[in-house]
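Content type TSV, C-alpha atoms, from the file model33.tsv:
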chain	number	residue	atom	x	y	z
A	367	MET	CA	23.16	-14.20	3.88
A	368	HIS	CA	19.64	-13.30	2.83
A	369	VAL	CA	19.09	-12.43	-0.84
A	370	ARG	CA	16.19	-10.13	-1.58
A	371	PRO	CA	13.82	-11.62	-4.17
A	372	LEU	CA	14.13	-8.67	-6.59
A	373	ASP	CA	17.89	-8.18	-6.32
A	374	GLY	CA	19.18	-7.11	-9.74
A	375	ILE	CA	15.87	-5.64	-10.94
A	376	ARG	CA	16.22	-2.01	-12.11
A	377	VAL	CA	13.27	0.38	-11.77
A	378	LEU	CA	13.10	3.78	-13.45
A	379	ASP	CA	10.61	5.72	-11.36
A	380	LEU	CA	8.89	8.86	-12.71
A	381	THR	CA	6.22	8.95	-10.02
A	382	ASN	CA	5.18	11.62	-7.53
A	383	VAL	CA	3.50	11.90	-4.13
A	384	LEU	CA	2.11	8.54	-2.95
A	385	ALA	CA	0.61	5.80	-5.15
A	386	GLY	CA	3.64	5.47	-7.43
A	387	PRO	CA	6.34	6.06	-4.79
A	388	TYR	CA	4.57	3.58	-2.49
A	389	CYS	CA	4.72	1.01	-5.30
A	390	SER	CA	8.42	1.53	-5.97
A	391	TYR	CA	9.11	1.49	-2.22
A	392	GLN	CA	7.63	-2.01	-2.04
A	393	LEU	CA	9.81	-3.10	-4.97
A	394	MET	CA	12.86	-1.54	-3.31
A	395	LEU	CA	12.21	-3.38	-0.05
A	396	MET	CA	12.23	-6.61	-2.03
A	397	GLY	CA	15.60	-5.75	-3.55
A	398	ALA	CA	15.00	-3.67	-6.68
A	399	GLU	CA	17.31	-0.78	-7.49
A	400	VAL	CA	15.03	2.25	-7.85
A	401	VAL	CA	16.14	5.45	-9.55
A	402	LYS	CA	13.78	8.38	-9.13
A	403	VAL	CA	13.76	10.80	-12.06
A	404	GLU	CA	12.86	14.22	-10.63
A	405	ARG	CA	12.33	17.65	-12.12
A	406	PRO	CA	15.45	19.79	-11.63
A	407	GLY	CA	15.13	22.16	-8.71
A	408	GLN	CA	11.66	20.89	-7.77
A	409	GLY	CA	11.55	17.13	-7.46
A	410	ASP	CA	8.72	14.99	-6.16
A	411	LEU	CA	5.85	17.14	-4.86
A	412	ALA	CA	5.89	15.03	-1.69
A	413	ARG	CA	9.20	16.69	-0.79
A	414	SER	CA	7.16	19.72	0.29
A	415	LEU	CA	4.35	17.82	2.05
A	416	GLY	CA	4.15	16.99	5.74
A	417	PRO	CA	3.45	18.46	9.18
A	418	ASP	CA	6.92	20.05	9.65
A	419	PRO	CA	7.25	23.29	7.62
A	420	SER	CA	11.03	23.36	7.96
A	421	LEU	CA	11.41	19.88	6.48
A	422	ASN	CA	9.05	20.86	3.68
A	423	ARG	CA	11.20	23.91	2.88
A	424	ASP	CA	14.31	21.71	2.81
A	425	GLY	CA	12.73	19.30	0.32
A	426	VAL	CA	12.54	16.39	2.75
A	427	GLY	CA	8.92	16.56	3.88
A	428	ALA	CA	7.54	13.69	5.94
A	429	SER	CA	5.44	12.42	3.02
A	430	PHE	CA	8.58	12.03	0.93
A	431	LEU	CA	10.67	10.51	3.69
A	432	ALA	CA	8.04	7.85	4.37
A	433	GLN	CA	8.03	6.37	0.85
A	434	ASN	CA	11.46	6.94	-0.68
A	435	ALA	CA	14.16	5.40	1.51
A	436	GLY	CA	16.58	3.17	-0.35
A	437	LYS	CA	16.13	4.94	-3.70
A	438	LYS	CA	18.45	7.08	-5.83
A	439	SER	CA	17.54	10.55	-7.13
A	440	LEU	CA	18.50	11.97	-10.53
A	441	GLU	CA	17.42	15.39	-11.75
A	442	LEU	CA	16.50	15.19	-15.44
A	443	ASP	CA	14.69	17.70	-17.63
A	444	LEU	CA	12.96	15.64	-20.30
A	445	LYS	CA	12.66	18.74	-22.48
A	446	ASP	CA	16.46	19.02	-22.59
A	447	THR	CA	18.20	17.13	-25.42
A	448	ALA	CA	21.10	15.83	-23.33
A	449	ASP	CA	18.86	14.78	-20.45
A	450	ARG	CA	16.48	13.01	-22.85
A	451	ALA	CA	19.42	11.09	-24.29
A	452	LEU	CA	20.48	9.97	-20.81
A	453	PHE	CA	16.88	9.09	-19.94
A	454	GLU	CA	16.72	6.87	-23.02
A	455	ASP	CA	20.00	5.23	-22.08
A	456	LEU	CA	18.49	4.42	-18.68
A	457	LEU	CA	15.31	3.18	-20.37
A	458	THR	CA	17.23	0.69	-22.47
A	459	GLY	CA	18.78	-0.70	-19.28
A	460	ALA	CA	15.67	-0.67	-17.07
A	461	ASP	CA	13.56	-3.67	-16.19
A	462	VAL	CA	10.62	-1.52	-15.10
A	463	LEU	CA	9.36	1.95	-16.03
A	464	LEU	CA	6.85	3.29	-13.50
A	465	GLU	CA	4.82	6.50	-13.88
A	466	ASN	CA	1.64	8.03	-12.49
A	467	PHE	CA	0.96	10.84	-14.94
A	468	ARG	CA	-2.48	11.45	-16.38
A	469	ALA	CA	-3.27	9.28	-19.39
A	470	GLY	CA	-1.42	10.42	-22.51
A	471	VAL	CA	1.20	12.62	-20.81
A	472	LEU	CA	4.17	10.31	-21.37
A	473	GLU	CA	3.06	9.66	-24.95
A	474	ARG	CA	2.94	13.40	-25.67
A	475	MET	CA	6.50	13.59	-24.36
A	476	GLY	CA	7.51	11.14	-27.08
A	477	TYR	CA	7.42	7.93	-25.08
A	478	GLY	CA	4.34	6.05	-26.14
A	479	THR	CA	4.01	2.32	-25.61
A	480	GLU	CA	5.27	1.40	-29.09
A	481	ARG	CA	8.39	3.55	-28.85
A	482	LEU	CA	9.17	2.25	-25.37
A	483	ALA	CA	8.92	-1.31	-26.71
A	484	ARG	CA	11.35	-0.44	-29.51
A	485	LEU	CA	13.80	1.09	-27.06
A	486	ASN	CA	13.56	-1.92	-24.74
A	487	PRO	CA	11.50	-4.98	-25.77
A	488	ARG	CA	11.99	-6.49	-22.30
A	489	LEU	CA	10.62	-3.44	-20.49
A	490	VAL	CA	7.74	-3.80	-18.02
A	491	TYR	CA	5.99	-0.44	-18.34
A	492	CYS	CA	3.48	0.29	-15.57
A	493	SER	CA	1.28	3.36	-15.25
A	494	ILE	CA	-0.86	4.15	-12.21
A	495	SER	CA	-3.72	6.59	-12.67
A	496	GLY	CA	-7.06	7.35	-11.14
A	497	PHE	CA	-9.13	5.62	-13.81
A	498	GLY	CA	-6.75	3.86	-16.16
A	499	HIS	CA	-5.63	4.88	-19.64
A	500	THR	CA	-8.82	3.86	-21.43
A	501	GLY	CA	-12.47	4.82	-21.04
A	502	PRO	CA	-14.38	8.12	-20.78
A	503	MET	CA	-12.66	9.18	-17.53
A	504	ARG	CA	-9.11	8.41	-18.67
A	505	GLU	CA	-7.97	12.05	-18.50
A	506	ALA	CA	-9.90	13.06	-15.37
A	507	PRO	CA	-7.74	14.21	-12.42
A	508	ALA	CA	-7.83	12.05	-9.31
A	509	TYR	CA	-6.65	12.20	-5.74
A	510	ASP	CA	-7.25	9.69	-2.98
A	511	GLN	CA	-10.41	11.32	-1.66
A	512	ILE	CA	-11.86	11.59	-5.18
A	513	ILE	CA	-11.42	7.83	-5.60
A	514	GLN	CA	-12.81	7.09	-2.12
A	515	GLY	CA	-15.98	8.89	-3.09
A	516	LEU	CA	-16.34	7.33	-6.53
A	517	ALA	CA	-15.61	3.83	-5.20
A	518	GLY	CA	-18.45	4.03	-2.68
A	519	MET	CA	-16.05	3.75	0.26
A	520	MET	CA	-17.22	6.98	1.85
A	521	SER	CA	-20.86	5.92	1.58
A	522	VAL	CA	-20.28	2.98	3.94
A	523	THR	CA	-17.96	4.80	6.36
A	524	GLY	CA	-19.47	6.37	9.48
A	525	THR	CA	-22.96	6.03	10.90
A	526	PRO	CA	-26.28	6.51	9.09
A	527	ASP	CA	-26.21	10.05	10.49
A	528	THR	CA	-22.58	10.93	9.66
A	529	ALA	CA	-21.89	9.10	6.39
A	530	PRO	CA	-20.41	9.72	3.91
A	531	GLN	CA	-17.05	10.10	5.61
A	532	ARG	CA	-13.51	9.97	4.34
A	533	ILE	CA	-11.44	7.03	5.57
A	534	GLY	CA	-8.71	8.49	7.78
A	535	PHE	CA	-5.71	7.55	5.62
A	536	PRO	CA	-4.99	7.43	1.85
A	537	VAL	CA	-6.29	3.91	1.31
A	538	CYS	CA	-6.89	4.29	-2.44
A	539	ASP	CA	-3.39	5.60	-3.12
A	540	THR	CA	-1.77	2.75	-1.24
A	541	THR	CA	-4.13	0.16	-2.72
A	542	GLY	CA	-3.25	1.37	-6.21
A	543	GLY	CA	0.44	1.19	-5.35
A	544	LEU	CA	0.17	-2.31	-3.95
A	545	MET	CA	-1.78	-3.53	-6.99
A	546	ALA	CA	0.87	-2.04	-9.26
A	547	ALA	CA	3.70	-3.71	-7.31
A	548	PHE	CA	1.88	-7.04	-7.56
A	549	ALA	CA	1.28	-6.62	-11.30
A	550	ILE	CA	4.92	-5.66	-11.92
A	551	SER	CA	6.14	-8.71	-10.01
A	552	THR	CA	3.94	-11.05	-12.03
A	553	ALA	CA	5.02	-9.39	-15.30
A	554	LEU	CA	8.66	-9.84	-14.34
A	555	LEU	CA	8.00	-13.53	-13.69
A	556	HIS	CA	6.33	-13.83	-17.10
A	557	ARG	CA	9.29	-12.10	-18.74
A	558	GLU	CA	11.66	-14.50	-17.02
A	559	ARG	CA	9.83	-17.33	-18.77
A	560	THR	CA	9.31	-15.70	-22.18
A	561	GLY	CA	11.69	-12.77	-22.53
A	562	ALA	CA	8.77	-10.46	-23.34
A	563	GLY	CA	8.02	-7.20	-21.60
A	564	ALA	CA	4.53	-5.96	-20.71
A	565	ARG	CA	2.32	-2.88	-20.59
A	566	LEU	CA	0.47	-2.57	-17.26
A	567	ASP	CA	-2.39	-0.07	-16.85
A	568	VAL	CA	-3.43	0.23	-13.18
A	569	SER	CA	-6.69	1.99	-12.28
A	570	MET	CA	-6.90	3.21	-8.66
A	571	LEU	CA	-10.70	3.18	-8.89
A	572	GLU	CA	-10.84	-0.46	-9.97
A	573	ALA	CA	-8.08	-1.55	-7.59
A	574	SER	CA	-9.95	0.09	-4.70
A	575	LEU	CA	-13.28	-1.51	-5.58
A	576	SER	CA	-11.56	-4.90	-5.81
A	577	THR	CA	-10.51	-4.65	-2.14
A	578	MET	CA	-13.88	-3.70	-0.65
A	579	GLY	CA	-14.98	-7.26	0.14
A	580	TRP	CA	-18.58	-7.74	1.26
A	581	ALA	CA	-19.45	-4.10	0.50
A	582	VAL	CA	-19.15	-4.94	-3.19
A	583	SER	CA	-19.83	-8.67	-3.22
A	584	ASN	CA	-23.08	-8.49	-1.25
A	585	TYR	CA	-24.46	-6.13	-3.87
A	586	LEU	CA	-23.14	-8.00	-6.91
A	587	VAL	CA	-24.21	-11.43	-5.65
A	588	SER	CA	-27.35	-10.65	-3.65
A	589	GLY	CA	-28.45	-7.23	-4.88
A	590	ILE	CA	-28.21	-5.81	-1.34
A	591	ALA	CA	-26.65	-2.35	-1.21
A	592	PRO	CA	-24.38	-1.83	1.83
A	593	GLU	CA	-25.17	0.76	4.46
A	594	PRO	CA	-22.90	2.53	6.96
A	595	LEU	CA	-22.82	0.75	10.32
A	596	SER	CA	-20.20	2.78	12.14
A	597	ASP	CA	-17.85	0.40	14.00
A	598	GLN	CA	-20.01	-2.70	13.55
A	599	ASN	CA	-19.44	-5.66	11.24
A	600	PRO	CA	-22.62	-6.13	9.17
A	601	THR	CA	-21.90	-9.81	8.52
A	602	ALA	CA	-22.05	-10.92	12.15
A	603	ALA	CA	-23.03	-10.01	15.73
A	604	PRO	CA	-21.60	-9.47	18.22
A	605	SER	CA	-18.80	-8.12	16.02
A	606	GLY	CA	-17.54	-4.57	16.30
A	607	THR	CA	-16.33	-2.06	18.86
A	608	PHE	CA	-17.47	-2.38	22.47
A	609	HIS	CA	-16.69	-0.43	25.64
A	610	ALA	CA	-14.64	-1.74	28.52
A	611	LEU	CA	-13.96	0.04	31.80
A	612	ASP	CA	-11.18	2.25	30.43
A	613	GLY	CA	-11.78	2.42	26.68
A	614	PRO	CA	-12.89	0.77	23.45
A	615	LEU	CA	-12.42	-2.92	22.69
A	616	ASN	CA	-12.89	-4.66	19.36
A	617	ILE	CA	-14.52	-8.09	19.56
A	618	ALA	CA	-15.28	-10.40	16.64
A	619	ALA	CA	-17.37	-13.29	17.97
A	620	ASN	CA	-18.39	-14.36	14.48
A	621	GLN	CA	-18.95	-18.05	15.25
A	622	GLN	CA	-21.62	-19.59	17.46
A	623	ARG	CA	-19.09	-21.14	19.82
A	624	GLN	CA	-17.32	-17.79	20.16
A	625	PHE	CA	-20.57	-16.04	20.99
A	626	GLU	CA	-21.41	-18.59	23.66
A	627	ALA	CA	-17.91	-18.43	25.17
A	628	LEU	CA	-18.09	-14.63	25.20
A	629	CYS	CA	-21.37	-14.68	27.10
A	630	ARG	CA	-20.01	-17.08	29.71
A	631	LEU	CA	-16.73	-15.20	30.21
A	632	THR	CA	-18.45	-11.83	30.59
A	633	GLY	CA	-20.94	-13.19	33.10
A	634	VAL	CA	-24.09	-13.04	30.96
A	635	PRO	CA	-24.73	-16.71	30.02
A	636	GLU	CA	-28.46	-16.02	29.86
A	637	LEU	CA	-27.90	-14.28	26.49
A	638	ILE	CA	-27.10	-17.65	24.93
A	639	THR	CA	-30.65	-18.91	25.29
A	640	ASP	CA	-32.40	-15.58	24.81
A	641	PRO	CA	-34.60	-16.04	21.68
A	642	ARG	CA	-33.35	-12.70	20.30
A	643	PHE	CA	-29.75	-13.87	20.26
A	644	ALA	CA	-29.82	-17.64	19.96
A	645	GLU	CA	-28.93	-17.76	16.26
A	646	ARG	CA	-26.71	-15.69	13.95
A	647	GLU	CA	-29.41	-13.94	11.91
A	648	GLN	CA	-31.43	-13.16	15.04
A	649	ARG	CA	-28.38	-11.59	16.65
A	650	LYS	CA	-27.88	-9.36	13.61
A	651	ARG	CA	-31.52	-8.23	13.74
A	652	HIS	CA	-31.26	-7.45	17.46
A	653	ARG	CA	-27.72	-6.07	17.36
A	654	ALA	CA	-28.48	-2.95	19.44
A	655	GLU	CA	-29.98	-4.87	22.36
A	656	LEU	CA	-27.17	-7.44	22.30
A	657	ASN	CA	-24.45	-4.79	22.23
A	658	SER	CA	-26.06	-2.92	25.11
A	659	ALA	CA	-26.10	-6.03	27.28
A	660	LEU	CA	-22.48	-6.88	26.47
A	661	ASN	CA	-21.29	-3.31	27.06
A	662	GLN	CA	-22.78	-3.38	30.54
A	663	ALA	CA	-20.87	-6.56	31.31
A	664	LEU	CA	-17.60	-5.41	29.70
A	665	ALA	CA	-17.61	-2.15	31.66
A	666	ALA	CA	-16.59	-4.06	34.77
A	667	ARG	CA	-12.94	-4.51	33.71
A	668	PRO	CA	-10.17	-2.78	31.71
A	669	ALA	CA	-9.85	-3.49	27.98
A	670	ALA	CA	-6.39	-5.07	28.33
A	671	ASP	CA	-7.74	-7.65	30.81
A	672	TRP	CA	-10.58	-8.58	28.46
A	673	GLU	CA	-8.17	-8.77	25.52
A	674	ARG	CA	-6.00	-11.33	27.27
A	675	GLU	CA	-8.89	-13.42	28.60
A	676	LEU	CA	-10.97	-13.45	25.44
A	677	ASN	CA	-8.04	-14.27	23.17
A	678	ALA	CA	-7.04	-17.13	25.48
A	679	ALA	CA	-10.53	-18.53	24.97
A	680	GLY	CA	-10.26	-18.28	21.17
A	681	ILE	CA	-12.39	-15.13	20.85
A	682	PRO	CA	-10.71	-12.46	18.67
A	683	ALA	CA	-10.45	-9.29	20.74
A	684	ALA	CA	-8.10	-6.32	20.95
A	685	ARG	CA	-7.91	-2.79	22.28
A	686	VAL	CA	-8.36	0.16	19.92
A	687	LEU	CA	-4.96	1.88	19.83
A	688	SER	CA	-3.69	5.25	18.74
A	689	VAL	CA	-1.18	5.28	15.88
A	690	PRO	CA	1.76	5.97	18.27
A	691	ASP	CA	0.71	3.07	20.52
A	692	ALA	CA	0.19	0.81	17.52
A	693	LEU	CA	3.72	1.41	16.25
A	694	GLU	CA	5.29	0.63	19.63
A	695	GLN	CA	3.68	-2.79	20.03
A	696	PRO	CA	6.17	-5.50	21.05
A	697	GLN	CA	4.87	-7.65	18.18
A	698	LEU	CA	6.16	-5.13	15.63
A	699	VAL	CA	9.46	-4.74	17.47
A	700	HIS	CA	9.92	-8.51	17.42
A	701	ARG	CA	9.43	-8.60	13.63
A	702	ASP	CA	11.67	-5.56	12.88
A	703	PHE	CA	8.80	-3.74	11.20
A	704	VAL	CA	10.22	-0.25	11.82
A	705	SER	CA	13.70	0.61	10.54
A	706	GLU	CA	15.91	3.40	11.89
A	707	LEU	CA	17.98	5.35	9.35
A	708	HIS	CA	20.08	8.51	9.22
A	709	HIS	CA	17.80	11.52	8.76
A	710	PRO	CA	18.73	13.38	5.54
A	711	GLY	CA	17.13	16.59	6.73
A	712	ARG	CA	18.23	16.47	10.38
A	713	PRO	CA	21.87	15.30	10.67
A	714	GLY	CA	22.44	13.39	13.87
A	715	GLN	CA	18.77	12.53	14.32
A	716	PRO	CA	17.23	9.15	13.51
A	717	LEU	CA	14.56	8.66	10.86
A	718	ARG	CA	12.06	5.84	11.46
A	719	VAL	CA	10.23	4.26	8.52
A	720	VAL	CA	8.01	1.20	8.20
A	721	GLY	CA	8.56	-2.00	6.27
A	722	ASN	CA	5.95	-4.08	4.46
A	723	GLY	CA	5.09	-6.82	6.95
A	724	VAL	CA	6.72	-9.62	4.94
A	725	LEU	CA	9.43	-11.91	6.28
A	726	VAL	CA	11.50	-13.67	3.61
A	727	ASP	CA	13.09	-16.82	5.00
A	728	GLY	CA	12.50	-15.38	8.45
A	729	LYS	CA	14.01	-11.95	7.75
A	730	ALA	CA	12.35	-8.53	7.44
A	731	PHE	CA	13.89	-6.34	4.77
A	732	GLY	CA	14.20	-2.66	5.65
A	733	PRO	CA	15.61	0.10	3.44
A	734	PRO	CA	19.39	-0.10	2.94
A	735	SER	CA	19.79	3.69	2.84
A	736	PRO	CA	17.94	6.90	3.77
A	737	PRO	CA	15.67	8.77	1.35
A	738	PRO	CA	17.79	10.72	-1.16
A	739	LEU	CA	18.22	14.46	-1.31
A	740	LEU	CA	17.06	15.96	-4.59
A	741	GLY	CA	19.64	15.07	-7.24
A	742	GLU	CA	21.85	13.32	-4.72
A	743	HIS	CA	22.99	10.80	-7.33
A	744	ASN	CA	23.42	13.18	-10.29
A	745	SER	CA	27.16	12.48	-10.37
A	746	GLN	CA	26.42	8.78	-10.94
A	747	ARG	CA	24.16	9.23	-13.95
A	748	GLN	CA	26.59	8.03	-16.62
A	749	GLU	CA	27.81	5.13	-14.50
A	750	LEU	CA	24.21	4.09	-13.82
A	751	ALA	CA	23.32	4.15	-17.51
A	752	ARG	CA	26.38	2.05	-18.44
A	753	ARG	CA	25.81	-0.47	-15.68
A	754	TRP	CA	22.12	-0.84	-16.48
A	755	ALA	CA	22.76	-1.27	-20.21
A	756	THR	CA	25.35	-3.98	-19.52
A	757	ALA	CA	22.97	-5.83	-17.22
A	758	THR	CA	20.20	-5.73	-19.82
A	759	ARG	CA	22.43	-7.07	-22.59
A	760	THR	CA	23.55	-9.89	-20.31
A	761	ALA	CA	19.96	-10.78	-19.37
A	762	ALA	CA	18.80	-10.70	-23.00
A	763	GLN	CA	21.66	-12.97	-24.05
A	764	ALA	CA	20.83	-15.37	-21.23
A	765	THR	CA	17.18	-15.49	-22.29
A	766	ALA	CA	18.15	-16.09	-25.92
A	767	THR	CA	20.51	-18.91	-24.90
A	768	THR	CA	17.82	-20.50	-22.74
A	769	GLY	CA	15.36	-20.33	-25.64
A	770	GLU	CA	17.83	-21.95	-28.02
A	771	THR	CA	18.54	-24.71	-25.54
A	772	SER	CA	14.85	-25.43	-24.89
A	773	THR	CA	14.07	-25.75	-28.62
A	774	SER	CA	17.11	-27.78	-29.65
Turn the structure described in the file into structure tokens.
Amino acid sequence: MHVRPLDGIRVLDLTNVLAGPYCSYQLMLMGAEVVKVERPGQGDLARSLGPDPSLNRDGVGASFLAQNAGKKSLELDLKDTADRALFEDLLTGADVLLENFRAGVLERMGYGTERLARLNPRLVYCSISGFGHTGPMREAPAYDQIIQGLAGMMSVTGTPDTAPQRIGFPVCDTTGGLMAAFAISTALLHRERTGAGARLDVSMLEASLSTMGWAVSNYLVSGIAPEPLSDQNPTAAPSGTFHALDGPLNIAANQQRQFEALCRLTGVPELITDPRFAEREQRKRHRAELNSALNQALAARPAADWERELNAAGIPAARVLSVPDALEQPQLVHRDFVSELHHPGRPGQPLRVVGNGVLVDGKAFGPPSPPPLLGEHNSQRQELARRWATATRTAAQATATTGETSTS
């Protein structure tokens, strides 16, 4: 039997839409019990977001379904005395509190960092926001596209004629969520060793900049500002998107031996000794001429044929797929990347959701249950609070006993 690494961890999730729910989804996949606290009658805004209007009206929009499988849903009004009391009972039993309000919102509701620590000294409290809870932009509103622009991502996306362009998916939201999940996991490990909780302040802007690789490092280290190069890799040539007989083909011949093998396999060995292409920096300077010559050669055969032949020779190459084709790849089927669940909004129909790409001891962990309907677990609220409080007392006693033993 496979045990999920975060089995027994309890997450109280106040988040909406994407960055926060994506974070708690990652924690859930690894075994955490996640309870979503949602506004009565409204719930997570993502419940009304997606391409199917009927699902949106039913509160199970595609955006919600994609990030919330395996979680529980409680409706709580934190302005109501009884609901606040239950919320605090859950807080005392939680391992993690996760929220993505603007800076200061939770504190104005009466749950500042100091009070949370008094309620639960072992609590790992994580906030995700556009800019973090300190600094001159702490209260500024932020959505994914706002962060893409401020991070410089849009400035290097597209061609010199079309940039700036938005990246075609919410990369900053998901990056912020991943960084938060990583930070929470490390804080839980620290608490296991010390018994102490933590306050985690995740900035989507900073998390996004940290993932931009050469676009940031080339400027910081060398003072060279990046420019948009469309589908080309600025660090090497030939490296980018090329054109086979029936469609686009990505090739990354970043090493000298790969470049030479590519020229031989495509029937243009003369490019190897051409002074314009003989060395790495020369190839980058003459990228347009090199790409033109290779495209002429690649146009003789279909992309799938080139993919097989080039990969067999140790040259990274692959077709450019649509999202539907990407999700149906045999590689993903082999690794159980997509899970099939009961559809909460369409009884009798399947709901397909993705995993996280991690195998633990050879096993992929998918969600154990479908996304919850709004307030689906309201009837369990008292039982949840009791169970969580008992688990916290047991964990605290175990930590205290371990500390006494280690110092005796």
_Which residue of A:Arg759, A:Arg712, A:Gly470, A:Val726 approaches Asp424 (chain A) most closely, using only C-alpha atoms_ =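 Of A:Arg759, A:Arg712, A:Gly470, A:Val726, the one nearest Asp424 (chain A) is A:Arg712, counting only C-alpha atoms.
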*Separation of CA of Tyr388 (chain A) from CA of Asp702 (chain A) in Å*: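 Between CA of Asp702 (chain A) and CA of Tyr388 (chain A) the gap is 19.2 Å.
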*Mind pulling up the distance from CA of Ala573 (chain A) to CA of Lys438 (chain A)?*
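Pair CA of Lys438 (chain A) / CA of Ala573 (chain A) returns 28.0 Å.
CA of Gln715 (chain A) sits 26.7 Å away from CA of Cys389 (chain A).
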*Surrounding residues of Leu421 (chain A) excluding itself and chain neighbours under 6 positions, 12 Å, all atoms listed in the file, as number ranges by chain*: A: 412-415, 427-431, 709-712, 739
_For a quick check of understanding, using only C-alpha atoms, which of A:Glu441, A:Asp461, A:Asp373, A:Glu399 has the smallest distance to Ser745 (chain A)?_
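Selected residue with least distance to Ser745 (chain A): A:Glu441.
Using only C-alpha atoms, the protein and nucleic acid residues lying at most 10 Å from the point (-10.3, -0.6, 29.0) are Phe608, His609, Ala610, Leu611, Asp612, Gly613, Pro614, Leu615, Leu664, Ala665, Ala666, Arg667, Pro668, Ala669, Ala670, Asp671, Trp672, Glu673, Arg685 and Val686 of chain A.
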Per residue of region 372-457 of chain A within 9 Å of region 479-494 of chain A, what are the shortest atom pair and its distance in Å to one decimal, counting all atoms listed in the file, with rows by chain and residue number, as a tab-separated table?
residue	atom	partner	partner_atom	distance
A:Thr381	CA	A:Ile494	CA	8.8
A:Ala385	CA	A:Ile494	CA	7.4
A:Gly386	CA	A:Ile494	CA	6.7
A:Glu454	CA	A:Leu485	CA	7.6
A:Asp455	CA	A:Leu485	CA	9.0
A:Leu457	CA	A:Asn486	CA	6.9
